[in-house]
Each structure stands twice: as structure tokens, then as C-alpha cells.
Amino acid sequence: MSFDWEFALQILPDLLEAFVRITLLVTVVGSLTAAVLGLVWAIGLRSLPAWVGRPLSFVLDFIRMTPLPIQLLFVYYTFNNLSALSVGIIVIGVHYSTYMAESYRAGIESIRKGQWEAATALSLPPHRTWRAVILPQALRATLPSLGNWAIAMFKDTPFLIVIAVPELVTEAKEIGGRTFSYVEPFTLAGLIFLVASYPTAVLMRKLENRLAY
Amino acid sequence: MIRFEDVVKKFGDTTVLEGLSFAVERGERVTLIGPSGSGKTTILRLLMTLEHLTDGFIYVDGDPLTHELRGGKRVERRPKDVTRIRRRIGMVFQQFNLFPNMTVIDNITEAPVHVLGQSREEARQRAHALLDQVGLKHRAGAHPMELSGGQQQRVAIARALAMDPEVLLLDEVTSALDPELVNDVLEVLREVARTTDITMLIVTHEMQFARDVSNRVLMFDHGHILEEAAPDVMFTSPEHERTRQFLQAIL
């Protein structure tokens with residue numbers, strides 16, 4: 001097995017294009033979706049009456065406990081009017097929102113009871129209690145772990161191959177199929193993931209240290 | 001102003017208050033004393049709606065707070081009504097409970113702006129006046145973490161006063177403070193007592209303070225009022241042996 005450097009250099013632009021146009025897009029939009037939905041779930045679980053909260057909690061557990069590729073295939077073949085890319089973004093966003101909801105929940109639960117009580121004693125309406133008192137404090141504790149979920153999501157984007165979204169690994173596989181050389185494209189794909197996620201992880205750790213009280 | 005009627009409070013199987021009735025007149029300052037677990041703090045927390053009332057009624061100026069009789073049945077009031085009545089009550093906590101993510105001035109103006117609908121400018125002016133009153137004019141821009149416990153508690157008092165409460169609940173407000181910081185806080189509260197007619201319910205172990213500000217002292221034991229008297233009488237010649245023992249233990 002030998003590594004053809006010239007071939008590697010030749011396919012690099014295609015791989016990078018797939019990475020930027022699809023993988024990054026899915027990661028960024030997916031993370032934002034997950035961050036917003038996760039917060040909605042976390043607040044919902046705390047504020048909603050049990051007859052809505054219980055079913056919601058069950059659905060979230062269900063999504064978290066089933067594999068992402070199955071969810072991708074299920075949604076892709078159920079809603080065949082949606083493009084593979086939109087299915088990919090929605091499913092990965094919703095999937096990770098269930099994890100992020102857990103992180104938000106932990107952050108919210110770390111707020112001392114006295115903060116809620118002070119808000120009650122001042123008769124703050126619920127939306128002010130959340131916006132002005134609870135969330136600013138809870139997010140400090142939550143942000144680093146949201147970052148870690150975003151990185152995990154990034155590394156899960158290759159699952160989009162099951163619905164043929166032309167992200168980085170799908171592209172690498174295609175190049176392999178075309179040229180019968182698989183080593184170079186997959187090696188490069190792996191390296192691109194490493195180069196992209198390592199600095200992000202370092203950045204998250206820095207952020208974590210800065211947010212600590 | 002405040003009336004408890006057959007109030008029952010249970011935490012699980014533990015009954016803290018069993019059929020408690022008493023009333024506090026407008027402008028009156030009442031100190032609640034008694035051994036820990038006797039239900040004093042629970043009374044304040046029920047008034048602030050921080051605990052759920054198991055049975056009975058609490059009236060604020062004749063208006064039922066959390067539960068009312070409707071068609072002969074005891075029912076919970078709508079949250080909107082509870083909020084309207086609760087707005088007349090303020091509370092200062094043992095642990096201060098300032099919002100650490102806000103500056104001192106924002107802690108004080110948050111509720112006046114977002115609950116009473118005051119303009120930001122109006123609320124800030126009032127907050128500065130209150131900070132001056134509690135001796136912290138120069139710390140308006142500080143965060144709670146940068147303040148001593150005594151300073152935090154004085155901010156918390158200013159925060160409660162900014163809502164112009166008719167009733168102020170003081171829940172062991174000096175218990176978490178270092179001894180040398182206690183007097184500044186008590187001095188601020190004495191001043192409030194002197195210059196306003198706010199009704200006060202006070203849970204404290206500072207008997208001199210209780211003596212200075214309160215009109216009446218209620219001695220609690222096992223969720224009942226064991227005896228009540230003017231502070232001079234209560235602290236010098238209590239009726240019950242139990243009270244005598246308690247006072248001896250804390251003085």
C-alpha cells in the first residue's frame with residue numbers, strides 16, 4: 001500500500017469544497033438549530049404541566065436513544081418531498097437538540113433555589129425570571145458543553161452518507177469509486193476533520209476557562 | 001393587614017403548622033421567635049408564596065392570597081390574582097439572593113421597571129436614593145460578588161424597598177453575616193422602621209433588634225403560638241417556662 005501524494009493533491013480541492021459547502025453548512029446550521037431547540041426543550045420540561053412534559057420527555061429520550069442513521073433514513077423516506085440536505089440538517093439538528101437539552105437542564109439545575117425565590121419575591125413574570133436571572137447564569141455553565149456537542153455533531157456528519165448528502169466522506173467514497181484508490185481520499189477526509197476540530201476543541205477549552213467564575 | 005386562618009402546612013408527612021390563626025395590623029412590626037423547626041420561617045415563606053399552602057387561608061388586606069372560598073369550596077386562586085396581591089409584599093432573605101449576573105443598580109431596578117412599569121430613569125433615580133439610604137451610594141456599578149455579605153444584604157434591602165412593599169418580611173437577615181457586619185444591616189432596618197409605616201414580619205435571633213423595632217413578639221413552638229406579648233414583657237417576664245428556656249438559650 002503506497003500513498004500517492006500527487007493524486008492526493010489533485011483530489012484535495014474537491015474534498016475541501018465538499019467539506020466547506022456541505023459539512024460546515026450542516027454543522028453550523030445544525031448546531032444553531034440544536035442550540036435553540038435544546039433550550040426550548042429544557043425550558044419546556046421545567047415549565048410545562050406534566051401532561052405535556054411527560055410525553056415530551058419520552059419523545060426526547062426516544063430520539064436520544066435511537067441511532068442517527070436510522071433517523072436520517074426514516075425521515076428521508078417518509079418525507080420524500082424534502083431534499084437530502086434539508087433532511088440532514090433537520091434530523092441532525094433535532095437529534096443533537098436532545099443532547100443539548102440535557103446540558104441546558106444541568107445548567108439550569110445548577111442555579112441555586114434562592115435565585116428563583118428572589119425572582120418570586122420581586123414578582124418577576126416568568127419570562128423575565130428566565131431571561132434576566134436564570135439563563136444568563138445557567139448559560140455560563142452550559143456553553144462549554146454545547147460546544148462539545150457541536151464538535152460531536154461535526155464528527156457525525158459522515159452519517160449523512162446514508163441519504164447520499166454529498167458531504168466530505170460521501171465525496172471521498174465517490175472519488176474512491178471513480179479511481180479505485182480509497183486510501184488517499186479517506187486519509188485526507190480524516191485529516192480535514194482533525195485539522196478542523198482540534199482548534200475548535202482548544203478554543204472551547206479556553207472559553208470554558210474564561211467563563212468560570 | 002395580614003391574617004392567617006386555620007393555616008396548615010405539611011412537608012410530606014411532617015406537619016409544620018397545624019391550624020394556625022393570627023393577624024397583623026397595618027403598620028405593625030411583629031417578631032416571630034422560637035426554636036428552629038417551630039415554623040417561623042415557614043410562615044414568612046407561605047406569605048411570599050414560596051411554599052404551597054396545604055390548608056387554610058391567608059388574607060392580605062382582606063384579599064385571599066393563594067386560596068379562596070368559592071361556593072363553599074376552597075380553591076386555588078388564579079396566578080394573575082396571586083401575583084397582584086403578592087406584589088404588595090417584599091422579602092429579604094438570609095442568603096441575600098442577589099442576582100450575581102447583574103450590577104447592584106440593575107438588581108434594584110429590575111423589578112420596578114419590569115413589574116411596576118417604571119421608566120428606567122425613574123427606577124434608577126429611586127435606586128440611587130435607596131442606595132444612599134443603605135450607605136452604598138458609591139457601589140451602584142459593582143457586582144454582588146465584589147461586596148461583603150453585609151453590603152450584599154443592604155443591597156437586598158434596597159431591592160425589596162424599591163418595590164414599595166406594604167409588607168416587608170425579614171427572614172433571619174443577619175444570620176449569614178460575620179458578627180462585625182450585623183450592626184450596619186440592623187441599623188439600616190431600624191431606620192426603615194423609624195421612617196416608614198411598612199408592616200413588618202421579622203424572624204430573627206437578634207433580640208435587641210426585635211426589642212427596638214417590634215410592637216409585638218410571638219413565641220412559636222411546634223407550629224403553635226405559645227404566647228404573645230409586647231417585647232419588653234416577653235423578654236423580661238415570659239409566661240411560659242418553655243419561652244424562658246428558649247430565651248435563656250439564645251441570649
# chains A, B, ... in the order shown; residues from 1 in each chain; ligands from 1
$ select_by_dssp --residues "stretch 26-171 of chain B" --states "strand (DSSP E)" --output "mmCIF file with N, CA, C and O atoms, in the first residue's frame"
data_model
loop_
_atom_site.group_PDB
_atom_site.id
_atom_site.type_symbol
_atom_site.label_atom_id
_atom_site.label_comp_id
_atom_site.auth_asym_id
_atom_site.auth_seq_id
_atom_site.Cartn_x
_atom_site.Cartn_y
_atom_site.Cartn_z
ATOM 1 N N ARG B 29 -45.185 45.961 63.660
ATOM 2 C CA ARG B 29 -43.941 45.204 63.497
ATOM 3 C C ARG B 29 -43.985 44.029 64.452
ATOM 4 O O ARG B 29 -43.988 44.208 65.661
ATOM 5 N N VAL B 30 -44.001 42.840 63.862
ATOM 6 C CA VAL B 30 -44.151 41.639 64.681
ATOM 7 C C VAL B 30 -42.925 40.754 64.533
ATOM 8 O O VAL B 30 -42.518 40.446 63.412
ATOM 9 N N THR B 31 -42.350 40.374 65.628
ATOM 10 C CA THR B 31 -41.207 39.466 65.588
ATOM 11 C C THR B 31 -41.657 38.061 65.962
ATOM 12 O O THR B 31 -42.411 37.873 66.919
ATOM 13 N N LEU B 32 -41.230 37.095 65.163
ATOM 14 C CA LEU B 32 -41.546 35.701 65.440
ATOM 15 C C LEU B 32 -40.300 35.047 66.020
ATOM 16 O O LEU B 32 -39.242 35.080 65.397
ATOM 17 N N ILE B 33 -40.425 34.487 67.210
ATOM 18 C CA ILE B 33 -39.286 33.775 67.790
ATOM 19 C C ILE B 33 -39.690 32.339 68.104
ATOM 20 O O ILE B 33 -40.874 31.992 68.072
ATOM 21 N N ASP B 55 -53.451 23.761 53.744
ATOM 22 C CA ASP B 55 -54.872 24.007 54.018
ATOM 23 C C ASP B 55 -55.016 25.343 54.742
ATOM 24 O O ASP B 55 -54.047 25.876 55.292
ATOM 25 N N GLY B 56 -56.213 25.877 54.715
ATOM 26 C CA GLY B 56 -56.471 27.146 55.374
ATOM 27 C C GLY B 56 -56.339 28.306 54.403
ATOM 28 O O GLY B 56 -56.235 28.108 53.185
ATOM 29 N N PHE B 57 -56.361 29.516 54.966
ATOM 30 C CA PHE B 57 -56.353 30.716 54.125
ATOM 31 C C PHE B 57 -55.395 31.754 54.680
ATOM 32 O O PHE B 57 -55.167 31.829 55.881
ATOM 33 N N ILE B 58 -54.841 32.538 53.772
ATOM 34 C CA ILE B 58 -54.052 33.695 54.174
ATOM 35 C C ILE B 58 -54.671 34.911 53.488
ATOM 36 O O ILE B 58 -54.917 34.885 52.278
ATOM 37 N N TYR B 59 -54.970 35.948 54.273
ATOM 38 C CA TYR B 59 -55.559 37.148 53.694
ATOM 39 C C TYR B 59 -54.582 38.309 53.783
ATOM 40 O O TYR B 59 -53.920 38.506 54.805
ATOM 41 N N VAL B 60 -54.488 39.057 52.709
ATOM 42 C CA VAL B 60 -53.707 40.295 52.700
ATOM 43 C C VAL B 60 -54.704 41.420 52.502
ATOM 44 O O VAL B 60 -55.307 41.530 51.431
ATOM 45 N N ASP B 63 -57.976 40.307 51.225
ATOM 46 C CA ASP B 63 -57.953 39.629 49.933
ATOM 47 C C ASP B 63 -57.251 38.280 50.090
ATOM 48 O O ASP B 63 -56.105 38.245 50.537
ATOM 49 N N PRO B 64 -57.921 37.169 49.744
ATOM 50 C CA PRO B 64 -57.240 35.875 49.890
ATOM 51 C C PRO B 64 -56.030 35.776 48.961
ATOM 52 O O PRO B 64 -56.110 36.143 47.800
ATOM 53 N N HIS B 67 -55.452 30.914 48.163
ATOM 54 C CA HIS B 67 -56.654 30.084 48.116
ATOM 55 C C HIS B 67 -57.841 30.910 48.578
ATOM 56 O O HIS B 67 -57.699 31.790 49.424
ATOM 57 N N GLU B 68 -59.011 30.620 48.003
ATOM 58 C CA GLU B 68 -60.202 31.340 48.431
ATOM 59 C C GLU B 68 -61.381 30.369 48.513
ATOM 60 O O GLU B 68 -61.329 29.265 47.978
ATOM 61 N N LEU B 69 -62.414 30.829 49.186
ATOM 62 C CA LEU B 69 -63.644 30.045 49.253
ATOM 63 C C LEU B 69 -64.529 30.479 48.102
ATOM 64 O O LEU B 69 -64.824 31.656 47.938
ATOM 65 N N ARG B 70 -64.891 29.511 47.274
ATOM 66 C CA ARG B 70 -65.815 29.847 46.192
ATOM 67 C C ARG B 70 -66.918 28.791 46.205
ATOM 68 O O ARG B 70 -66.634 27.610 46.033
ATOM 69 N N LYS B 73 -66.391 26.022 48.590
ATOM 70 C CA LYS B 73 -65.233 25.143 48.422
ATOM 71 C C LYS B 73 -63.941 25.948 48.381
ATOM 72 O O LYS B 73 -63.906 27.065 47.871
ATOM 73 N N ARG B 74 -62.881 25.330 48.951
ATOM 74 C CA ARG B 74 -61.588 26.006 48.973
ATOM 75 C C ARG B 74 -60.876 25.734 47.648
ATOM 76 O O ARG B 74 -60.583 24.587 47.310
ATOM 77 N N VAL B 75 -60.619 26.787 46.899
ATOM 78 C CA VAL B 75 -59.970 26.611 45.594
ATOM 79 C C VAL B 75 -58.757 27.536 45.476
ATOM 80 O O VAL B 75 -58.676 28.561 46.138
ATOM 81 N N GLU B 76 -57.840 27.128 44.607
ATOM 82 C CA GLU B 76 -56.657 27.966 44.373
ATOM 83 C C GLU B 76 -57.041 29.195 43.559
ATOM 84 O O GLU B 76 -57.904 29.128 42.689
ATOM 85 N N ILE B 89 -46.088 42.599 48.854
ATOM 86 C CA ILE B 89 -45.231 42.012 49.886
ATOM 87 C C ILE B 89 -43.796 41.931 49.372
ATOM 88 O O ILE B 89 -43.563 41.590 48.211
ATOM 89 N N GLY B 90 -42.849 42.279 50.216
ATOM 90 C CA GLY B 90 -41.440 42.147 49.848
ATOM 91 C C GLY B 90 -40.731 41.281 50.865
ATOM 92 O O GLY B 90 -41.225 41.078 51.974
ATOM 93 N N MET B 91 -39.569 40.749 50.471
ATOM 94 C CA MET B 91 -38.875 39.860 51.392
ATOM 95 C C MET B 91 -37.369 40.046 51.296
ATOM 96 O O MET B 91 -36.831 40.270 50.219
ATOM 97 N N VAL B 92 -36.716 39.959 52.440
ATOM 98 C CA VAL B 92 -35.254 39.944 52.474
ATOM 99 C C VAL B 92 -34.847 38.588 53.046
ATOM 100 O O VAL B 92 -35.379 38.155 54.073
ATOM 101 N N VAL B 167 -45.893 45.300 52.967
ATOM 102 C CA VAL B 167 -45.475 44.342 53.987
ATOM 103 C C VAL B 167 -44.049 43.923 53.675
ATOM 104 O O VAL B 167 -43.730 43.607 52.522
ATOM 105 N N LEU B 168 -43.187 43.933 54.668
ATOM 106 C CA LEU B 168 -41.806 43.504 54.447
ATOM 107 C C LEU B 168 -41.513 42.315 55.358
ATOM 108 O O LEU B 168 -41.747 42.370 56.566
ATOM 109 N N LEU B 169 -41.017 41.244 54.743
ATOM 110 C CA LEU B 169 -40.698 40.035 55.503
ATOM 111 C C LEU B 169 -39.191 39.931 55.652
ATOM 112 O O LEU B 169 -38.460 39.990 54.665
ATOM 113 N N LEU B 170 -38.728 39.800 56.876
ATOM 114 C CA LEU B 170 -37.282 39.714 57.121
ATOM 115 C C LEU B 170 -36.980 38.336 57.692
ATOM 116 O O LEU B 170 -37.334 38.030 58.831
ATOM 117 N N ASP B 171 -36.338 37.493 56.862
ATOM 118 C CA ASP B 171 -36.117 36.108 57.268
ATOM 119 C C ASP B 171 -34.677 35.899 57.727
ATOM 120 O O ASP B 171 -33.799 35.633 56.917
#
$ interface_residues --of "chain B" --to "chain A" --cutoff "9 Å" --atoms "only C-alpha atoms" --output "list in words"
Met48, Thr49, Leu50, Thr83, Arg84, Arg86, Arg87, Ile89, Gly90, Met91, Val92, Phe93, Gln95, Phe96, Asn97, Leu98, Phe99, Pro100, Asn101, Met102, Glu110, Ala111, Pro112, His114, Val115, Arg159, Ala160 and Met163 of chain B
$ select_by_dssp --residues "stretch 127-249 of chain B" --states "helix (DSSP H, G or I)" --output "ChimeraX atom specification"
/B:127-133,137-139,144-146,149-161,179-195,207-213,231-236,241-249
$ residues_around --residues "B:Asp232" --least-positions-apart "4" --cutoff "10 Å" --atoms "only C-alpha atoms" --output "PyMOL selection string"
chain B and resi 210-212+214-217+236-238
$ write_last_selection --atoms "N, CA, C and O atoms" --output "compact mmCIF listing (two decimals), in the first residue's frame"
# COMPACT_ATOMS: atom_id res chain seq x y z
N ALA B 210 -35.11 43.06 67.88
CA ALA B 210 -36.53 42.74 68.00
C ALA B 210 -37.19 43.70 69.00
O ALA B 210 -38.30 44.21 68.79
N ARG B 211 -36.48 43.93 70.07
CA ARG B 211 -36.97 44.81 71.12
C ARG B 211 -37.13 46.25 70.61
O ARG B 211 -38.11 46.93 70.91
N ASP B 212 -36.13 46.69 69.82
CA ASP B 212 -36.14 48.08 69.34
C ASP B 212 -37.24 48.34 68.33
O ASP B 212 -37.84 49.40 68.34
N SER B 214 -39.93 46.04 67.23
CA SER B 214 -41.25 45.40 67.13
C SER B 214 -42.23 45.87 68.20
O SER B 214 -41.86 46.32 69.28
N ASN B 215 -43.51 45.79 67.84
CA ASN B 215 -44.58 46.12 68.76
C ASN B 215 -45.02 44.88 69.53
O ASN B 215 -45.62 44.96 70.58
N ARG B 216 -44.75 43.73 68.90
CA ARG B 216 -45.31 42.51 69.45
C ARG B 216 -44.37 41.36 69.13
O ARG B 216 -43.74 41.35 68.05
N VAL B 217 -44.26 40.43 70.03
CA VAL B 217 -43.43 39.25 69.80
C VAL B 217 -44.30 38.01 69.94
O VAL B 217 -45.08 37.89 70.89
N THR B 236 -38.60 40.05 79.41
CA THR B 236 -38.26 40.13 80.83
C THR B 236 -39.06 39.15 81.68
O THR B 236 -38.50 38.49 82.55
N SER B 237 -40.35 39.05 81.39
CA SER B 237 -41.13 38.13 82.22
C SER B 237 -42.09 37.29 81.38
O SER B 237 -43.30 37.50 81.41
N PRO B 238 -41.52 36.37 80.61
CA PRO B 238 -42.40 35.50 79.81
C PRO B 238 -43.25 34.61 80.71
O PRO B 238 -42.86 34.30 81.83
$ residues_around --residues "B:Asp221" --least-positions-apart "2" --cutoff "9 Å" --atoms "only C-alpha atoms" --output "list in words"
Ile33, Gly34, Pro35, Ser36, Gly37, Ser38, Gly39, Met219, Gly223, His224, Ile225, Leu226, Arg242 and Thr243 of chain B
$ closest_residue --among "A:Ile90, A:Ala50, A:Ala196, A:Leu56" --to "A:Lys155" --atoms "only C-alpha atoms"
A:Ala196
$ atom_distance --atom1 "atom CA of A:Asp4" --atom2 "atom CA of A:Ser197"
25.3 Å
$ closest_residue --among "B:Ala193, B:Ile108, B:Leu17, B:Ala23" --to "B:Ala129" --atoms "only C-alpha atoms"
B:Ile108
$ atom_distance --atom1 "atom CA of A:Val36" --atom2 "atom CA of A:Leu60"
14.6 Å
$ residues_around --residues "stretch 172-181 of chain A" --least-positions-apart "6" --cutoff "9 Å" --atoms "only C-alpha atoms" --output "number ranges by chain"
A: 11, 14-15, 188-189
$ residues_around --residues "stretch 135-140 of chain B" --least-positions-apart "5" --cutoff "8 Å" --atoms "only C-alpha atoms" --output "compact mmCIF listing (two decimals) with all heavy atoms, in the first residue's frame"
# COMPACT_ATOMS: atom_id res chain seq x y z
N THR B 103 -25.43 44.10 37.96
CA THR B 103 -24.81 45.05 38.87
C THR B 103 -25.79 45.36 40.00
O THR B 103 -26.97 45.01 39.93
CB THR B 103 -24.48 46.36 38.16
OG1 THR B 103 -25.68 46.89 37.62
CG2 THR B 103 -23.46 46.16 37.05
N VAL B 104 -25.27 46.03 41.02
CA VAL B 104 -26.10 46.42 42.15
C VAL B 104 -27.32 47.22 41.69
O VAL B 104 -28.46 46.93 42.05
CB VAL B 104 -25.25 47.24 43.15
CG1 VAL B 104 -26.13 48.01 44.11
CG2 VAL B 104 -24.29 46.32 43.89
N ILE B 105 -27.08 48.21 40.84
CA ILE B 105 -28.19 49.08 40.43
C ILE B 105 -29.22 48.29 39.61
O ILE B 105 -30.42 48.48 39.77
CB ILE B 105 -27.66 50.31 39.65
CG1 ILE B 105 -28.76 51.35 39.42
CG2 ILE B 105 -27.04 49.94 38.33
CD1 ILE B 105 -28.77 52.44 40.45
N HIS B 128 -30.84 54.95 43.29
CA HIS B 128 -29.71 55.71 43.84
C HIS B 128 -30.08 56.27 45.21
O HIS B 128 -29.25 56.25 46.13
CB HIS B 128 -29.31 56.82 42.87
CG HIS B 128 -28.43 56.34 41.75
ND1 HIS B 128 -27.18 55.82 41.97
CD2 HIS B 128 -28.64 56.26 40.41
CE1 HIS B 128 -26.64 55.45 40.81
NE2 HIS B 128 -27.52 55.70 39.85
N ALA B 129 -31.30 56.76 45.33
CA ALA B 129 -31.73 57.29 46.63
C ALA B 129 -31.71 56.18 47.68
O ALA B 129 -31.25 56.38 48.81
CB ALA B 129 -33.13 57.89 46.50
N GLN B 151 -22.81 44.23 52.94
CA GLN B 151 -23.17 45.13 51.85
C GLN B 151 -24.21 44.49 50.94
O GLN B 151 -25.17 45.14 50.53
CB GLN B 151 -21.92 45.50 51.04
CG GLN B 151 -20.96 46.39 51.83
CD GLN B 151 -19.67 46.63 51.07
OE1 GLN B 151 -19.17 45.75 50.36
NE2 GLN B 151 -19.11 47.83 51.23
N ARG B 154 -27.54 44.77 52.48
CA ARG B 154 -28.12 46.11 52.41
C ARG B 154 -28.64 46.40 51.01
O ARG B 154 -29.66 47.06 50.85
CB ARG B 154 -27.06 47.14 52.85
CG ARG B 154 -26.90 47.13 54.38
CD ARG B 154 -25.96 48.19 54.85
NE ARG B 154 -24.57 47.77 54.71
CZ ARG B 154 -23.55 48.62 54.54
NH1 ARG B 154 -23.78 49.92 54.47
NH2 ARG B 154 -22.32 48.17 54.44
N VAL B 155 -27.95 45.87 49.99
CA VAL B 155 -28.49 45.99 48.62
C VAL B 155 -29.82 45.25 48.52
O VAL B 155 -30.78 45.74 47.93
CB VAL B 155 -27.50 45.44 47.57
CG1 VAL B 155 -28.13 45.43 46.19
CG2 VAL B 155 -26.21 46.27 47.56
$ residues_around --residues "stretch 201-212 of chain A" --least-positions-apart "6" --cutoff "10 Å" --atoms "only C-alpha atoms" --output "list in words"
Leu139, Arg140, Ala141, Thr142, Leu143, Pro144, Ser145, Leu146, Gly147, Asn148, Ala150 and Ile151 of chain A
$ write_last_selection --atoms "N, CA and C atoms" --output "PDB file, in the first residue's frame"
ATOM      1  N   LEU A 139     -26.377  29.698  31.374  1.00  0.00           N
ATOM      2  CA  LEU A 139     -25.627  29.556  30.126  1.00  0.00           C
ATOM      3  C   LEU A 139     -24.123  29.551  30.357  1.00  0.00           C
ATOM      4  N   ARG A 140     -23.684  30.260  31.376  1.00  0.00           N
ATOM      5  CA  ARG A 140     -22.263  30.226  31.706  1.00  0.00           C
ATOM      6  C   ARG A 140     -21.813  28.800  31.918  1.00  0.00           C
ATOM      7  N   ALA A 141     -22.650  28.042  32.616  1.00  0.00           N
ATOM      8  CA  ALA A 141     -22.298  26.661  32.923  1.00  0.00           C
ATOM      9  C   ALA A 141     -22.511  25.761  31.711  1.00  0.00           C
ATOM     10  N   THR A 142     -23.401  26.172  30.812  1.00  0.00           N
ATOM     11  CA  THR A 142     -23.827  25.291  29.722  1.00  0.00           C
ATOM     12  C   THR A 142     -22.994  25.438  28.453  1.00  0.00           C
ATOM     13  N   LEU A 143     -22.552  26.673  28.164  1.00  0.00           N
ATOM     14  CA  LEU A 143     -21.897  26.950  26.882  1.00  0.00           C
ATOM     15  C   LEU A 143     -20.767  25.981  26.502  1.00  0.00           C
ATOM     16  N   PRO A 144     -19.830  25.693  27.414  1.00  0.00           N
ATOM     17  CA  PRO A 144     -18.750  24.792  27.024  1.00  0.00           C
ATOM     18  C   PRO A 144     -19.268  23.437  26.561  1.00  0.00           C
ATOM     19  N   SER A 145     -20.282  22.934  27.255  1.00  0.00           N
ATOM     20  CA  SER A 145     -20.756  21.608  26.877  1.00  0.00           C
ATOM     21  C   SER A 145     -21.546  21.668  25.566  1.00  0.00           C
ATOM     22  N   LEU A 146     -22.191  22.810  25.294  1.00  0.00           N
ATOM     23  CA  LEU A 146     -22.828  22.961  23.973  1.00  0.00           C
ATOM     24  C   LEU A 146     -21.765  22.899  22.884  1.00  0.00           C
ATOM     25  N   GLY A 147     -20.619  23.526  23.142  1.00  0.00           N
ATOM     26  CA  GLY A 147     -19.516  23.498  22.185  1.00  0.00           C
ATOM     27  C   GLY A 147     -19.060  22.079  21.912  1.00  0.00           C
ATOM     28  N   ASN A 148     -18.991  21.292  22.978  1.00  0.00           N
ATOM     29  CA  ASN A 148     -18.567  19.910  22.794  1.00  0.00           C
ATOM     30  C   ASN A 148     -19.575  19.108  21.978  1.00  0.00           C
ATOM     31  N   ALA A 150     -21.456  20.397  19.696  1.00  0.00           N
ATOM     32  CA  ALA A 150     -21.316  20.866  18.312  1.00  0.00           C
ATOM     33  C   ALA A 150     -20.170  20.128  17.630  1.00  0.00           C
ATOM     34  N   ILE A 151     -19.082  19.903  18.373  1.00  0.00           N
ATOM     35  CA  ILE A 151     -17.954  19.159  17.797  1.00  0.00           C
ATOM     36  C   ILE A 151     -18.354  17.711  17.528  1.00  0.00           C
TER      37      ILE A 151
END
$ closest_atom_pairs --of "stretch 40-77 of chain A" --to "stretch 93-106 of chain A" --cutoff "10 Å" --atoms "only C-alpha atoms" --output "JSON lines"
{"residue": "A:Val40", "atom": "CA", "partner": "A:Ala101", "partner_atom": "CA", "distance": 7.9}
{"residue": "A:Trp41", "atom": "CA", "partner": "A:Ala101", "partner_atom": "CA", "distance": 5.9}
{"residue": "A:Ala42", "atom": "CA", "partner": "A:Ala101", "partner_atom": "CA", "distance": 5.1}
{"residue": "A:Ile43", "atom": "CA", "partner": "A:Arg105", "partner_atom": "CA", "distance": 8.0}
{"residue": "A:Gly44", "atom": "CA", "partner": "A:Ala101", "partner_atom": "CA", "distance": 9.9}
{"residue": "A:Leu45", "atom": "CA", "partner": "A:Arg105", "partner_atom": "CA", "distance": 8.7}
{"residue": "A:Arg46", "atom": "CA", "partner": "A:Arg105", "partner_atom": "CA", "distance": 8.5}
{"residue": "A:Ser57", "atom": "CA", "partner": "A:Thr98", "partner_atom": "CA", "distance": 9.5}
{"residue": "A:Val59", "atom": "CA", "partner": "A:Thr98", "partner_atom": "CA", "distance": 9.3}
{"residue": "A:Leu60", "atom": "CA", "partner": "A:Thr98", "partner_atom": "CA", "distance": 5.6}
{"residue": "A:Asp61", "atom": "CA", "partner": "A:Thr98", "partner_atom": "CA", "distance": 7.5}
{"residue": "A:Phe62", "atom": "CA", "partner": "A:Thr98", "partner_atom": "CA", "distance": 9.4}
{"residue": "A:Ile63", "atom": "CA", "partner": "A:His95", "partner_atom": "CA", "distance": 6.2}
{"residue": "A:Arg64", "atom": "CA", "partner": "A:Thr98", "partner_atom": "CA", "distance": 6.1}
{"residue": "A:Met65", "atom": "CA", "partner": "A:His95", "partner_atom": "CA", "distance": 9.7}
{"residue": "A:Thr66", "atom": "CA", "partner": "A:His95", "partner_atom": "CA", "distance": 9.2}
{"residue": "A:Pro67", "atom": "CA", "partner": "A:His95", "partner_atom": "CA", "distance": 9.2}
{"residue": "A:Leu68", "atom": "CA", "partner": "A:His95", "partner_atom": "CA", "distance": 7.1}
{"residue": "A:Gln71", "atom": "CA", "partner": "A:His95", "partner_atom": "CA", "distance": 8.5}
{"residue": "A:Leu72", "atom": "CA", "partner": "A:His95", "partner_atom": "CA", "distance": 9.8}
$ closest_residue --among "B:Leu130, B:Asp197, B:Gly27, B:Thr54" --to "B:Asp6" --atoms "only C-alpha atoms"
B:Thr54
$ decode --residues "stretch 82-121 of chain A" --atoms "C-alpha atoms" --output "short mmCIF file (atom, residue, chain, number, x, y, z; two decimals), in the first residue's frame"
data_model
loop_
_atom_site.label_atom_id
_atom_site.label_comp_id
_atom_site.auth_asym_id
_atom_site.auth_seq_id
_atom_site.Cartn_x
_atom_site.Cartn_y
_atom_site.Cartn_z
CA LEU A 82 -37.63 17.24 1.23
CA SER A 83 -34.12 17.41 -0.21
CA ALA A 84 -31.49 15.13 1.31
CA LEU A 85 -29.58 18.16 2.57
CA SER A 86 -32.56 19.66 4.41
CA VAL A 87 -33.38 16.27 5.93
CA GLY A 88 -29.77 16.00 7.02
CA ILE A 89 -29.73 19.40 8.69
CA ILE A 90 -33.12 18.99 10.37
CA VAL A 91 -32.51 15.47 11.64
CA ILE A 92 -29.01 16.10 12.92
CA GLY A 93 -30.19 19.38 14.50
CA VAL A 94 -33.13 17.73 16.25
CA HIS A 95 -31.01 14.74 17.26
CA TYR A 96 -28.40 16.90 18.93
CA SER A 97 -31.01 19.22 20.43
CA THR A 98 -31.96 16.33 22.71
CA TYR A 99 -28.40 16.14 24.00
CA MET A 100 -28.11 19.89 24.32
CA ALA A 101 -31.40 19.95 26.24
CA GLU A 102 -29.71 17.76 28.86
CA SER A 103 -26.81 20.21 29.08
CA TYR A 104 -29.16 23.16 29.46
CA ARG A 105 -31.07 21.24 32.10
CA ALA A 106 -27.90 20.64 34.09
CA GLY A 107 -27.03 24.33 33.80
CA ILE A 108 -30.49 25.39 34.91
CA GLU A 109 -30.44 22.97 37.83
CA SER A 110 -27.12 24.37 38.98
CA ILE A 111 -28.82 27.69 39.76
CA ARG A 112 -29.49 27.95 43.47
CA LYS A 113 -33.09 27.87 44.64
CA GLY A 114 -32.66 31.30 46.22
CA GLN A 115 -32.44 32.87 42.77
CA TRP A 116 -35.89 31.57 41.84
CA GLU A 117 -37.21 32.64 45.22
CA ALA A 118 -35.82 36.15 44.90
CA ALA A 119 -37.47 36.40 41.49
CA THR A 120 -40.77 35.28 43.00
CA ALA A 121 -40.41 37.71 45.90
#
